[in-house]
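Read the structure below first, then the notes.
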Amino acid sequence: MTRPCGATPVPPPPRVNPRYLRIYAAIAAIPPGRVASYGQIAARAGLPGRARLVGTALRDTPDGVGLPWFRVVHADGTIALPRGSRGFREQARRLRAEGVAVRNGRVAMPAFGLDHDLDRALWGLG
DNA sequence: ACATTGACTCGCG
DNA sequence: GCGCGAGCCAATG
């Protein structure tokens with residue numbers, strides 16, 4: 001139901017930088033219970049070598065977008081956010097809620113380590 | 001327009 | 001395991 005007048009009963013959708021759409025899509029594709037590194041997300045988004053851009057995109061992402069940002073960790077499995085920060089605790093909590101073991105600020109059982117293998121493990125791609 | 005910053009990563013020692 | 005430097009590039013001042 002569209003309405004002719006200005007006031008909308010639903011909250012306005014958060015606006016995102018269209019430049020990051022590919023990155024968001026790659027993050028959204030991470031299955032629950034799994035994690036992916038910044039570099040892997042970048043590669044999956046068609047931006048190989050631009051891991052930092054993924055970090056920038058995530059930082060600039062407004063809350064309210066249903067993005068599984070917490071499934072993105074460093075290449076070595078550590079959580080990127082500062083230890084003890086609110087975001088850090090939130091990420092660890094959400095990961096554990098999905099069955100991902102977090103030990104000492106890092107994903108306990110990456111079962112990978114190489115982005116190459118991770119890609120296959122996550123999406124079954126070659 | 002220039003300089004700095006940063007939710008990154010990899011190679012080296 | 002840790003630190004350093006280089007490459008990365010949009011955002012920010």
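Please note that chains go A, B, ... in the order of the structure tokens, that every chain numbers its residues from 1, and that ligands are numbered from 1 in the order shown.
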
Check: which chain A residues lie within 8 Å of chain B using only C-alpha atoms (C1' of nucleotides), as a PyMOL selection string: chain A and resi 38-39+50-52+55-56+58-59+74-75+80-81

How would the residues just chosen look if you wrote them out with N, CA, C and O atoms as a short mmCIF file (atom, residue, chain, number, x, y, z; two decimals), in the first residue's frame?
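out_6.cif, freshly written:
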data_model
loop_
_atom_site.label_atom_id
_atom_site.label_comp_id
_atom_site.auth_asym_id
_atom_site.auth_seq_id
_atom_site.Cartn_x
_atom_site.Cartn_y
_atom_site.Cartn_z
N TYR A 38 38.19 -10.44 5.66
CA TYR A 38 38.00 -9.21 4.88
C TYR A 38 38.53 -9.40 3.46
O TYR A 38 37.88 -8.99 2.49
N GLY A 39 39.69 -10.01 3.38
CA GLY A 39 40.29 -10.22 2.06
C GLY A 39 39.44 -11.13 1.19
O GLY A 39 39.30 -10.92 -0.01
N ARG A 50 41.82 -5.69 -1.90
CA ARG A 50 41.29 -4.49 -1.25
C ARG A 50 40.55 -4.83 0.03
O ARG A 50 39.40 -4.43 0.23
N ALA A 51 41.20 -5.55 0.90
CA ALA A 51 40.58 -5.94 2.16
C ALA A 51 40.20 -4.71 2.99
O ALA A 51 39.15 -4.70 3.65
N ARG A 52 41.05 -3.69 2.95
CA ARG A 52 40.77 -2.51 3.78
C ARG A 52 39.48 -1.85 3.38
O ARG A 52 38.79 -1.25 4.20
N GLY A 55 36.70 -3.24 5.27
CA GLY A 55 36.63 -2.65 6.61
C GLY A 55 35.99 -1.29 6.59
O GLY A 55 35.14 -0.95 7.41
N THR A 56 36.39 -0.49 5.62
CA THR A 56 35.81 0.86 5.48
C THR A 56 34.31 0.76 5.22
O THR A 56 33.52 1.48 5.82
N LEU A 58 32.26 -1.61 6.01
CA LEU A 58 31.54 -2.06 7.20
C LEU A 58 31.42 -0.94 8.21
O LEU A 58 30.39 -0.76 8.84
N ARG A 59 32.48 -0.18 8.37
CA ARG A 59 32.44 0.89 9.35
C ARG A 59 31.41 1.95 8.94
O ARG A 59 30.76 2.54 9.77
N HIS A 74 39.31 -11.10 10.84
CA HIS A 74 40.63 -11.00 10.22
C HIS A 74 41.01 -12.32 9.56
O HIS A 74 40.45 -13.36 9.87
N ALA A 75 42.02 -12.26 8.70
CA ALA A 75 42.46 -13.44 7.98
C ALA A 75 42.93 -14.54 8.94
O ALA A 75 42.85 -15.72 8.61
N ALA A 80 38.13 -8.12 14.53
CA ALA A 80 38.81 -6.86 14.17
C ALA A 80 38.59 -5.77 15.20
O ALA A 80 39.48 -4.96 15.46
N LEU A 81 37.44 -5.72 15.81
CA LEU A 81 37.12 -4.64 16.74
C LEU A 81 37.98 -4.74 17.99
O LEU A 81 38.42 -5.82 18.37
#

Can you pull out the residues contacting Ala28 of chain A? Cut-off 7 Å, using only C-alpha atoms (C1' of nucleotides), and skip same-chain residues under 2 positions away; I want them as a compact mmCIF listing (two decimals) with N, CA, C and O atoms, in the first residue's frame.
# COMPACT_ATOMS: atom_id res chain seq x y z
N TYR A 24 28.67 -5.67 0.18
CA TYR A 24 27.54 -6.07 1.01
C TYR A 24 26.96 -7.41 0.53
O TYR A 24 26.60 -8.26 1.33
N ALA A 25 26.89 -7.56 -0.76
CA ALA A 25 26.35 -8.81 -1.31
C ALA A 25 27.22 -9.99 -0.90
O ALA A 25 26.71 -11.05 -0.54
N ALA A 26 28.53 -9.80 -0.96
CA ALA A 26 29.44 -10.89 -0.58
C ALA A 26 29.29 -11.24 0.89
O ALA A 26 29.30 -12.42 1.26
N ILE A 30 27.57 -15.00 3.23
CA ILE A 30 28.22 -15.89 4.20
C ILE A 30 27.16 -16.68 4.94
O ILE A 30 26.27 -16.09 5.54
N LEU A 67 22.71 -6.82 7.72
CA LEU A 67 23.95 -7.39 7.21
C LEU A 67 24.66 -8.20 8.30
O LEU A 67 24.83 -7.71 9.40
N PRO A 68 25.06 -9.44 7.97
CA PRO A 68 25.77 -10.26 8.97
C PRO A 68 27.21 -9.84 9.13
O PRO A 68 28.13 -10.63 8.90

Expected answer as a PyMOL selection string: helix (DSSP H, G or I) residues in segment 18-111 of chain A: chain A and resi 18-28+38-44+51-59+69-71+86-97

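Those residues in segment 4-117 of chain A carrying a DSSP assignment of strand (DSSP E or B), computed from the backbone, are A:Ala36, A:Ser37, A:Val72, A:Val73, A:Thr78, A:Val102, A:Arg103, A:Arg106, A:Val107.
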
Distance of atom CA of Ile27 of chain A from atom CA of Arg103 of chain A, expressed in Å to one decimal place: 22.5 Å

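Interatomic distance, atom CA of Phe88 of chain A against atom CA of Pro31 of chain A: 20.3 Å.
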
Distance in Å - atom CA of Val35 of chain A versus atom CA of Val73 of chain A: 6.8 Å

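Contacts from chain C to chain A at a cut-off of 10 Å (only C-alpha atoms (C1' of nucleotides)) map to DG7, DC8, DC9, DA10 and DA11 of chain C.
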